[in-house]
Each structure stands twice: as structure tokens, then as C-alpha cells.
Amino acid sequence: MIQGGPLNNMKYSYKTVTSLSNPLIKEALKIKNGLGRQRGFFLVEGSHLIETAIYSSLAVIKRVFFTESFASKEDSQRILEQITGAEKVLITERVLTSLTDTDMPQGISALINYIPPKLEEIKAVNNPLLVLCDSIQDPGNLGTIIRGSDAFGADAVITLPSTCDTFNTKAVRATAGSLFNIPVINTEQNVILSYLALKNIALYATSSKAVASIYQIDFKQPVAMVFGNESSGVSKLLQEKAKGVFKVPIVGKAESLNVAMAASVCLYEAARQRSYLY
């Protein structure tokens, strides 16, 4: 590991790493492969996600890895200078490739510590809107639901057991940065059910077999909507505990909507009813 290097004229200090066997890289690779995610650590790549994380109250950037070609650009220097309190590590293109999953890496990756609030700390001044993810398996679907929840004014996304890893790289990319705008909290079914009862938040479940339409549900009240597994839907327990079960009516020839599309429609309708949209 070399202190400083070819970018000595920069306004920040950094270390230079060229070997995949370096302890910092070995640690990052373990986290990339899921070995550190139980502690809330994960890797993100690309300027947009990292810039969003810089200003997030939900995340702390612990270490940033970047290439010389990335740092040579004026916009890139601005990003690096905005990252304060994090260790900066200059790496080779070969090392960066090992840390990223995309075919054309953008030259920067960061180690993030995600620190969401506790369930009881969710900030919802008026009537809360919560999104529950029950055994959703596809990371792309989960990430899109998080993105839609952020876009349409939900207060938090709650992931329940058997839902895929929130910090899977595909899920993180699918959030398009929304992971850093809205808290994503993992908890158990009994815990969230107790919380909803305590806070007088009505639970509604989605089901393609439901009789009631989404347009018959009052989303202006404090509400939590739960979206289920791609093949089996919302669990029987949550459907039984729900105040109501509804469906998104389909007027075309499509057999169904995938769970992320259905969630986006439901969240849009909730936002419309709450006058977030005009």
C-alpha cells in the first residue's frame, strides 16, 4: 500500500492499492459476496449512487475505491472531495473490475454502512404510508418497489423474512439511489403486525384473486400495503390479518402484472388519493 501517488496535486489524501491480495480489497470482496451484509455493509458502484449516499441520513460511506482515469475528470474530483470522513483508495482498473458487476465500470466503488431507523423511529408526521415486502425473491423487483415507494411518498419499506437481500447489487442498482432516500427495515411478521396494531395503521394485502379493486380502498388513512412472493403471493397469515384484500384490475389481454409493476400502480393510486399528485 502506497500513501499518495500519481494524484498528489489533489486536495485529499489517499492510499494506492494495486494487488487483489491487499487486505482492503479482500475485505471488500467478502462483503461483495454477502459475507458482511448482516452488519449492514455493502458495496455500491457508480457516481450517481455514491453521490446520493453522500447526502443520505441512512448511510455512511466508510471507504471509496477509485481509478486514476476516474479521478482525472473534473466532475469526479468534485465527488471525491465531497466524500468526507471516508478512507480513499486509488486502485487499478483490474482491481476495480473485481469489485464491480457491471460490464463497463464507471471507475468508482464505495463501501457503505446502511443504518436505517428502528421500526418505532419511522418519521411519519401525519398518516403513514408503509410498504411491506413479503418473500419477494427477485432483487430487481425489490429494488423497483423501493424506488416506487420513494417516488410516491411512502414513509418506509419493510422487508419480511424470506425476502431477498436488500443489498444485493442488482437490488441496489434497481433502486436508482432511492435506497438512500427512504428507510428499508427488515423485521419479523409478528413484530410488524404488533406495530401496525399499536399505531392504528390499516393493513391491506394485494391478491390477483381479490374481489375488491384498488380503487375501492381508502389510502388517505394510515395504511400499510403488502406485496407478496412472485408466484405464491402474500402469505396466508398476512391476508388473514389484513383489513382488506384488493387487486389491480387488468383491462387488456395481459395475464397479470409482476409484483414491481403492481406495487407502482398501487403507490401511484395512494399518492393520487393523498393529493401528492395533481
# chains A, B, ... in the order shown; residues from 1 in each chain; ligands from 1

$ select_by_dssp --residues "region 30-275 of chain A" --states "strand (DSSP E)" --output "PyMOL selection string"
chain A and resi 41-45+59-66+87-91+108-114+129-133+156-159+184-186+202-206+212-213+223-227+244-247

$ write_last_selection --atoms "N, CA and C atoms" --output "compact mmCIF listing (two decimals), in the first residue's frame"
# COMPACT_ATOMS: atom_id res chain seq x y z
N PHE A 41 -23.22 -3.67 5.89
CA PHE A 41 -22.20 -3.18 4.96
C PHE A 41 -22.42 -3.78 3.58
N PHE A 42 -22.24 -2.96 2.56
CA PHE A 42 -22.34 -3.46 1.18
C PHE A 42 -21.58 -2.51 0.26
N LEU A 43 -21.34 -2.96 -0.95
CA LEU A 43 -20.63 -2.16 -1.95
C LEU A 43 -21.61 -1.57 -2.95
N VAL A 44 -21.37 -0.33 -3.34
CA VAL A 44 -22.11 0.28 -4.43
C VAL A 44 -21.11 0.76 -5.47
N GLU A 45 -21.56 0.87 -6.69
CA GLU A 45 -20.68 1.35 -7.75
C GLU A 45 -21.38 2.42 -8.56
N ALA A 59 -27.08 6.36 5.49
CA ALA A 59 -25.87 5.64 5.10
C ALA A 59 -24.62 6.43 5.43
N VAL A 60 -23.56 5.70 5.68
CA VAL A 60 -22.25 6.30 5.91
C VAL A 60 -21.27 5.65 4.94
N ILE A 61 -20.57 6.45 4.18
CA ILE A 61 -19.53 5.92 3.29
C ILE A 61 -18.27 5.70 4.12
N LYS A 62 -17.84 4.44 4.19
CA LYS A 62 -16.68 4.10 5.01
C LYS A 62 -15.38 4.12 4.22
N ARG A 63 -15.46 3.72 2.95
CA ARG A 63 -14.25 3.65 2.13
C ARG A 63 -14.66 3.81 0.67
N VAL A 64 -13.87 4.53 -0.10
CA VAL A 64 -14.17 4.70 -1.53
C VAL A 64 -12.96 4.26 -2.35
N PHE A 65 -13.23 3.47 -3.37
CA PHE A 65 -12.19 2.97 -4.28
C PHE A 65 -12.38 3.66 -5.63
N PHE A 66 -11.32 4.15 -6.22
CA PHE A 66 -11.44 4.84 -7.49
C PHE A 66 -10.18 4.65 -8.33
N GLU A 87 -12.16 6.72 4.05
CA GLU A 87 -10.83 6.40 3.53
C GLU A 87 -10.90 6.33 2.01
N LYS A 88 -9.97 6.97 1.33
CA LYS A 88 -9.94 6.98 -0.13
C LYS A 88 -8.79 6.11 -0.61
N VAL A 89 -9.11 5.24 -1.59
CA VAL A 89 -8.12 4.27 -2.06
C VAL A 89 -8.07 4.29 -3.58
N LEU A 90 -6.92 4.65 -4.12
CA LEU A 90 -6.69 4.62 -5.56
C LEU A 90 -6.34 3.19 -5.96
N ILE A 91 -7.06 2.63 -6.94
CA ILE A 91 -6.86 1.24 -7.35
C ILE A 91 -6.68 1.17 -8.86
N ILE A 108 -15.50 3.98 -10.02
CA ILE A 108 -15.59 4.26 -8.59
C ILE A 108 -16.53 3.26 -7.92
N SER A 109 -16.16 2.83 -6.73
CA SER A 109 -16.96 1.93 -5.91
C SER A 109 -16.79 2.36 -4.46
N ALA A 110 -17.80 2.12 -3.65
CA ALA A 110 -17.71 2.57 -2.26
C ALA A 110 -18.26 1.51 -1.32
N LEU A 111 -17.66 1.43 -0.15
CA LEU A 111 -18.13 0.57 0.92
C LEU A 111 -19.07 1.39 1.80
N ILE A 112 -20.31 0.95 1.89
CA ILE A 112 -21.36 1.70 2.58
C ILE A 112 -21.81 0.95 3.83
N ASN A 113 -22.07 1.70 4.88
CA ASN A 113 -22.73 1.15 6.06
C ASN A 113 -24.12 1.75 6.11
N TYR A 114 -25.14 0.90 5.92
CA TYR A 114 -26.54 1.35 5.90
C TYR A 114 -27.11 1.24 7.30
N LEU A 129 -47.69 5.94 5.39
CA LEU A 129 -47.87 5.00 4.27
C LEU A 129 -46.66 4.08 4.26
N LEU A 130 -46.89 2.80 4.57
CA LEU A 130 -45.80 1.83 4.64
C LEU A 130 -45.97 0.78 3.54
N VAL A 131 -44.86 0.25 3.09
CA VAL A 131 -44.86 -0.80 2.06
C VAL A 131 -44.18 -2.03 2.64
N LEU A 132 -44.89 -3.15 2.65
CA LEU A 132 -44.35 -4.40 3.17
C LEU A 132 -44.03 -5.34 2.02
N CYS A 133 -42.84 -5.93 2.07
CA CYS A 133 -42.42 -6.88 1.05
C CYS A 133 -42.34 -8.26 1.70
N ALA A 156 -41.67 4.29 4.56
CA ALA A 156 -40.66 3.25 4.76
C ALA A 156 -41.05 2.01 3.99
N VAL A 157 -40.06 1.20 3.69
CA VAL A 157 -40.26 -0.13 3.12
C VAL A 157 -39.85 -1.14 4.17
N ILE A 158 -40.72 -2.10 4.44
CA ILE A 158 -40.45 -3.13 5.45
C ILE A 158 -40.26 -4.45 4.73
N THR A 159 -39.09 -5.07 4.88
CA THR A 159 -38.86 -6.38 4.28
C THR A 159 -39.04 -7.46 5.34
N VAL A 184 -35.30 1.35 4.62
CA VAL A 184 -35.69 -0.03 4.34
C VAL A 184 -35.32 -0.84 5.58
N ILE A 185 -36.34 -1.38 6.24
CA ILE A 185 -36.17 -2.02 7.55
C ILE A 185 -36.59 -3.48 7.47
N ASN A 186 -35.73 -4.35 7.93
CA ASN A 186 -36.05 -5.78 7.95
C ASN A 186 -36.58 -6.17 9.32
N ALA A 202 -53.87 0.61 9.14
CA ALA A 202 -54.63 -0.45 8.47
C ALA A 202 -53.75 -1.21 7.49
N LEU A 203 -53.82 -2.53 7.55
CA LEU A 203 -53.04 -3.39 6.65
C LEU A 203 -53.94 -3.84 5.50
N TYR A 204 -53.44 -3.68 4.27
CA TYR A 204 -54.13 -4.16 3.08
C TYR A 204 -53.18 -5.03 2.28
N ALA A 205 -53.70 -6.14 1.79
CA ALA A 205 -52.89 -7.09 1.03
C ALA A 205 -53.36 -7.11 -0.42
N THR A 206 -52.43 -7.35 -1.31
CA THR A 206 -52.75 -7.47 -2.73
C THR A 206 -52.91 -8.94 -3.09
N ALA A 212 -62.34 -7.04 -4.39
CA ALA A 212 -62.27 -5.58 -4.33
C ALA A 212 -61.17 -5.05 -5.24
N SER A 213 -61.42 -3.89 -5.83
CA SER A 213 -60.45 -3.22 -6.69
C SER A 213 -59.63 -2.24 -5.86
N VAL A 223 -51.96 3.66 6.45
CA VAL A 223 -52.12 2.38 5.77
C VAL A 223 -50.76 1.74 5.48
N ALA A 224 -50.77 0.42 5.51
CA ALA A 224 -49.62 -0.38 5.07
C ALA A 224 -50.13 -1.33 4.00
N MET A 225 -49.47 -1.36 2.87
CA MET A 225 -49.86 -2.29 1.81
C MET A 225 -48.76 -3.33 1.66
N VAL A 226 -49.16 -4.59 1.55
CA VAL A 226 -48.18 -5.67 1.49
C VAL A 226 -48.23 -6.34 0.12
N PHE A 227 -47.04 -6.56 -0.43
CA PHE A 227 -46.88 -7.22 -1.73
C PHE A 227 -46.12 -8.52 -1.51
N GLY A 244 -58.29 -5.61 4.54
CA GLY A 244 -58.90 -5.89 3.25
C GLY A 244 -57.88 -6.44 2.27
N VAL A 245 -58.38 -7.10 1.25
CA VAL A 245 -57.53 -7.63 0.18
C VAL A 245 -58.05 -7.04 -1.13
N PHE A 246 -57.15 -6.55 -1.96
CA PHE A 246 -57.58 -5.91 -3.20
C PHE A 246 -56.70 -6.34 -4.37
N LYS A 247 -57.18 -6.03 -5.57
CA LYS A 247 -56.43 -6.35 -6.77
C LYS A 247 -56.31 -5.12 -7.65

$ atom_distance --atom1 "CA of Leu119 (chain A)" --atom2 "CA of Ala260 (chain A)"
23.2 Å

$ closest_residue --among "A:Ala171, A:Ala242, A:Leu29, A:Ile115" --to "Pro183 (chain A)" --atoms "only C-alpha atoms"
A:Ile115

$ select_by_dssp --residues "region 31-206 of chain A" --states "alpha helix (DSSP H)" --output "VMD selection string"
chain A and resid 31 to 32 47 to 54 68 to 71 74 to 82 93 to 99 139 to 151 169 to 175 189 to 198

$ atom_distance --atom1 "CA of Ser69 (chain A)" --atom2 "CA of Ser19 (chain A)"
17.7 Å

$ closest_residue --among "A:Ile214, A:Ile54, A:Val172, A:Ile250" --to "Arg147 (chain A)" --atoms "only C-alpha atoms"
A:Val172

$ residues_around --residues "Ser256 (chain A)" --least-positions-apart "6" --cutoff "12 Å" --atoms "only C-alpha atoms" --output "list in words"
Ser207, Ser208, Lys209, Glu230, Ser231, Lys247, Val248, Pro249, Ile250 and Ala262 of chain A

$ residues_around --residues "Pro161 (chain A)" --least-positions-apart "6" --cutoff "10 Å" --atoms "only C-alpha atoms" --output "list in words"
Cys133, Asp134, Ser135, Ile136, Asn186, Thr187, Glu188 and Gln189 of chain A

$ write_last_selection --atoms "N, CA and C atoms" --output "mmCIF file, in the first residue's frame"
data_model
loop_
_atom_site.group_PDB
_atom_site.id
_atom_site.type_symbol
_atom_site.label_atom_id
_atom_site.label_comp_id
_atom_site.auth_asym_id
_atom_site.auth_seq_id
_atom_site.Cartn_x
_atom_site.Cartn_y
_atom_site.Cartn_z
ATOM 1 N N CYS A 133 -42.845 -5.931 2.067
ATOM 2 C CA CYS A 133 -42.418 -6.884 1.052
ATOM 3 C C CYS A 133 -42.336 -8.263 1.695
ATOM 4 N N ASP A 134 -43.211 -9.154 1.263
ATOM 5 C CA ASP A 134 -43.360 -10.467 1.878
ATOM 6 C C ASP A 134 -42.821 -11.558 0.952
ATOM 7 N N SER A 135 -41.614 -12.028 1.235
ATOM 8 C CA SER A 135 -40.993 -13.141 0.487
ATOM 9 C C SER A 135 -40.782 -12.834 -0.989
ATOM 10 N N ILE A 136 -40.507 -11.593 -1.315
ATOM 11 C CA ILE A 136 -40.173 -11.239 -2.697
ATOM 12 C C ILE A 136 -38.770 -11.754 -2.996
ATOM 13 N N ASN A 186 -35.733 -4.351 7.933
ATOM 14 C CA ASN A 186 -36.047 -5.778 7.948
ATOM 15 C C ASN A 186 -36.578 -6.166 9.324
ATOM 16 N N THR A 187 -37.699 -6.892 9.350
ATOM 17 C CA THR A 187 -38.258 -7.316 10.632
ATOM 18 C C THR A 187 -39.097 -8.577 10.454
ATOM 19 N N GLU A 188 -39.629 -9.076 11.547
ATOM 20 C CA GLU A 188 -40.430 -10.299 11.532
ATOM 21 C C GLU A 188 -41.920 -9.967 11.383
ATOM 22 N N GLN A 189 -42.697 -10.973 10.940
ATOM 23 C CA GLN A 189 -44.129 -10.762 10.752
ATOM 24 C C GLN A 189 -44.817 -10.333 12.042
#

$ residues_around --residues "region 101-106 of chain A" --least-positions-apart "5" --cutoff "9 Å" --atoms "only C-alpha atoms" --output "list in words"
Glu45, Gly46, Ser47, Phe70, Glu93, Leu96, Thr169 and Lys170 of chain A

$ write_last_selection --atoms "C-alpha atoms" --output "short mmCIF file (atom, residue, chain, number, x, y, z; two decimals), in the first residue's frame"
data_model
loop_
_atom_site.label_atom_id
_atom_site.label_comp_id
_atom_site.auth_asym_id
_atom_site.auth_seq_id
_atom_site.Cartn_x
_atom_site.Cartn_y
_atom_site.Cartn_z
CA GLU A 45 -20.68 1.35 -7.75
CA GLY A 46 -21.13 4.36 -9.96
CA SER A 47 -21.20 8.12 -9.44
CA PHE A 70 -11.93 8.43 -12.90
CA GLU A 93 -8.67 -0.96 -13.41
CA LEU A 96 -11.91 -2.23 -9.78
CA THR A 169 -26.03 -5.44 -6.14
CA LYS A 170 -28.92 -5.92 -8.58
#

$ atom_distance --atom1 "CA of Leu237 (chain A)" --atom2 "CA of Leu193 (chain A)"
10.3 Å

$ residues_around --residues "Ile146 (chain A)" --least-positions-apart "3" --cutoff "9 Å" --atoms "only C-alpha atoms" --output "PDB file with N, CA and C atoms, in the first residue's frame"
ATOM      1  N   VAL A 131     -44.857   0.250   3.085  1.00  0.00           N
ATOM      2  CA  VAL A 131     -44.858  -0.796   2.063  1.00  0.00           C
ATOM      3  C   VAL A 131     -44.177  -2.027   2.643  1.00  0.00           C
ATOM      4  N   ASN A 141     -37.084  -6.765  -8.670  1.00  0.00           N
ATOM      5  CA  ASN A 141     -38.417  -6.387  -8.204  1.00  0.00           C
ATOM      6  C   ASN A 141     -38.338  -5.616  -6.891  1.00  0.00           C
ATOM      7  N   LEU A 142     -37.525  -6.110  -5.956  1.00  0.00           N
ATOM      8  CA  LEU A 142     -37.400  -5.433  -4.668  1.00  0.00           C
ATOM      9  C   LEU A 142     -36.862  -4.019  -4.857  1.00  0.00           C
ATOM     10  N   GLY A 143     -35.826  -3.887  -5.657  1.00  0.00           N
ATOM     11  CA  GLY A 143     -35.244  -2.568  -5.892  1.00  0.00           C
ATOM     12  C   GLY A 143     -36.231  -1.606  -6.536  1.00  0.00           C
ATOM     13  N   SER A 149     -41.635   3.317  -3.989  1.00  0.00           N
ATOM     14  CA  SER A 149     -42.039   3.778  -2.660  1.00  0.00           C
ATOM     15  C   SER A 149     -41.482   5.167  -2.382  1.00  0.00           C
ATOM     16  N   ASP A 150     -40.258   5.388  -2.774  1.00  0.00           N
ATOM     17  CA  ASP A 150     -39.631   6.696  -2.629  1.00  0.00           C
ATOM     18  C   ASP A 150     -40.343   7.722  -3.516  1.00  0.00           C
ATOM     19  N   ALA A 151     -40.613   7.348  -4.757  1.00  0.00           N
ATOM     20  CA  ALA A 151     -41.199   8.285  -5.719  1.00  0.00           C
ATOM     21  C   ALA A 151     -42.594   8.745  -5.321  1.00  0.00           C
ATOM     22  N   ALA A 156     -41.665   4.290   4.560  1.00  0.00           N
ATOM     23  CA  ALA A 156     -40.657   3.252   4.765  1.00  0.00           C
ATOM     24  C   ALA A 156     -41.053   2.005   3.987  1.00  0.00           C
ATOM     25  N   VAL A 157     -40.057   1.202   3.687  1.00  0.00           N
ATOM     26  CA  VAL A 157     -40.264  -0.128   3.115  1.00  0.00           C
ATOM     27  C   VAL A 157     -39.845  -1.139   4.172  1.00  0.00           C
ATOM     28  N   ALA A 174     -31.281  -1.328  -8.927  1.00  0.00           N
ATOM     29  CA  ALA A 174     -32.678  -1.120  -9.314  1.00  0.00           C
ATOM     30  C   ALA A 174     -33.337  -0.005  -8.508  1.00  0.00           C
ATOM     31  N   THR A 175     -32.826   0.297  -7.318  1.00  0.00           N
ATOM     32  CA  THR A 175     -33.391   1.399  -6.542  1.00  0.00           C
ATOM     33  C   THR A 175     -33.030   2.749  -7.151  1.00  0.00           C
ATOM     34  N   SER A 178     -32.762   5.372  -4.573  1.00  0.00           N
ATOM     35  CA  SER A 178     -33.846   5.553  -3.609  1.00  0.00           C
ATOM     36  C   SER A 178     -33.590   4.833  -2.292  1.00  0.00           C
ATOM     37  N   LEU A 179     -32.724   3.829  -2.305  1.00  0.00           N
ATOM     38  CA  LEU A 179     -32.363   3.141  -1.066  1.00  0.00           C
ATOM     39  C   LEU A 179     -31.825   4.129  -0.038  1.00  0.00           C
ATOM     40  N   ILE A 182     -35.180   6.561   1.393  1.00  0.00           N
ATOM     41  CA  ILE A 182     -36.284   6.017   2.181  1.00  0.00           C
ATOM     42  C   ILE A 182     -35.767   4.849   3.014  1.00  0.00           C
ATOM     43  N   VAL A 184     -35.299   1.353   4.625  1.00  0.00           N
ATOM     44  CA  VAL A 184     -35.687  -0.031   4.340  1.00  0.00           C
ATOM     45  C   VAL A 184     -35.322  -0.839   5.582  1.00  0.00           C
TER      46      VAL A 184
END

$ residues_around --residues "Ala28 (chain A)" --least-positions-apart "3" --cutoff "8 Å" --atoms "only C-alpha atoms" --output "list in words"
Leu24, Ile25, Ile31, Lys32, Leu43, Leu99 and Leu111 of chain A

$ closest_residue --among "A:Glu120, A:Asn258, A:Tyr12, A:Phe219" --to "Leu196 (chain A)" --atoms "only C-alpha atoms"
A:Glu120
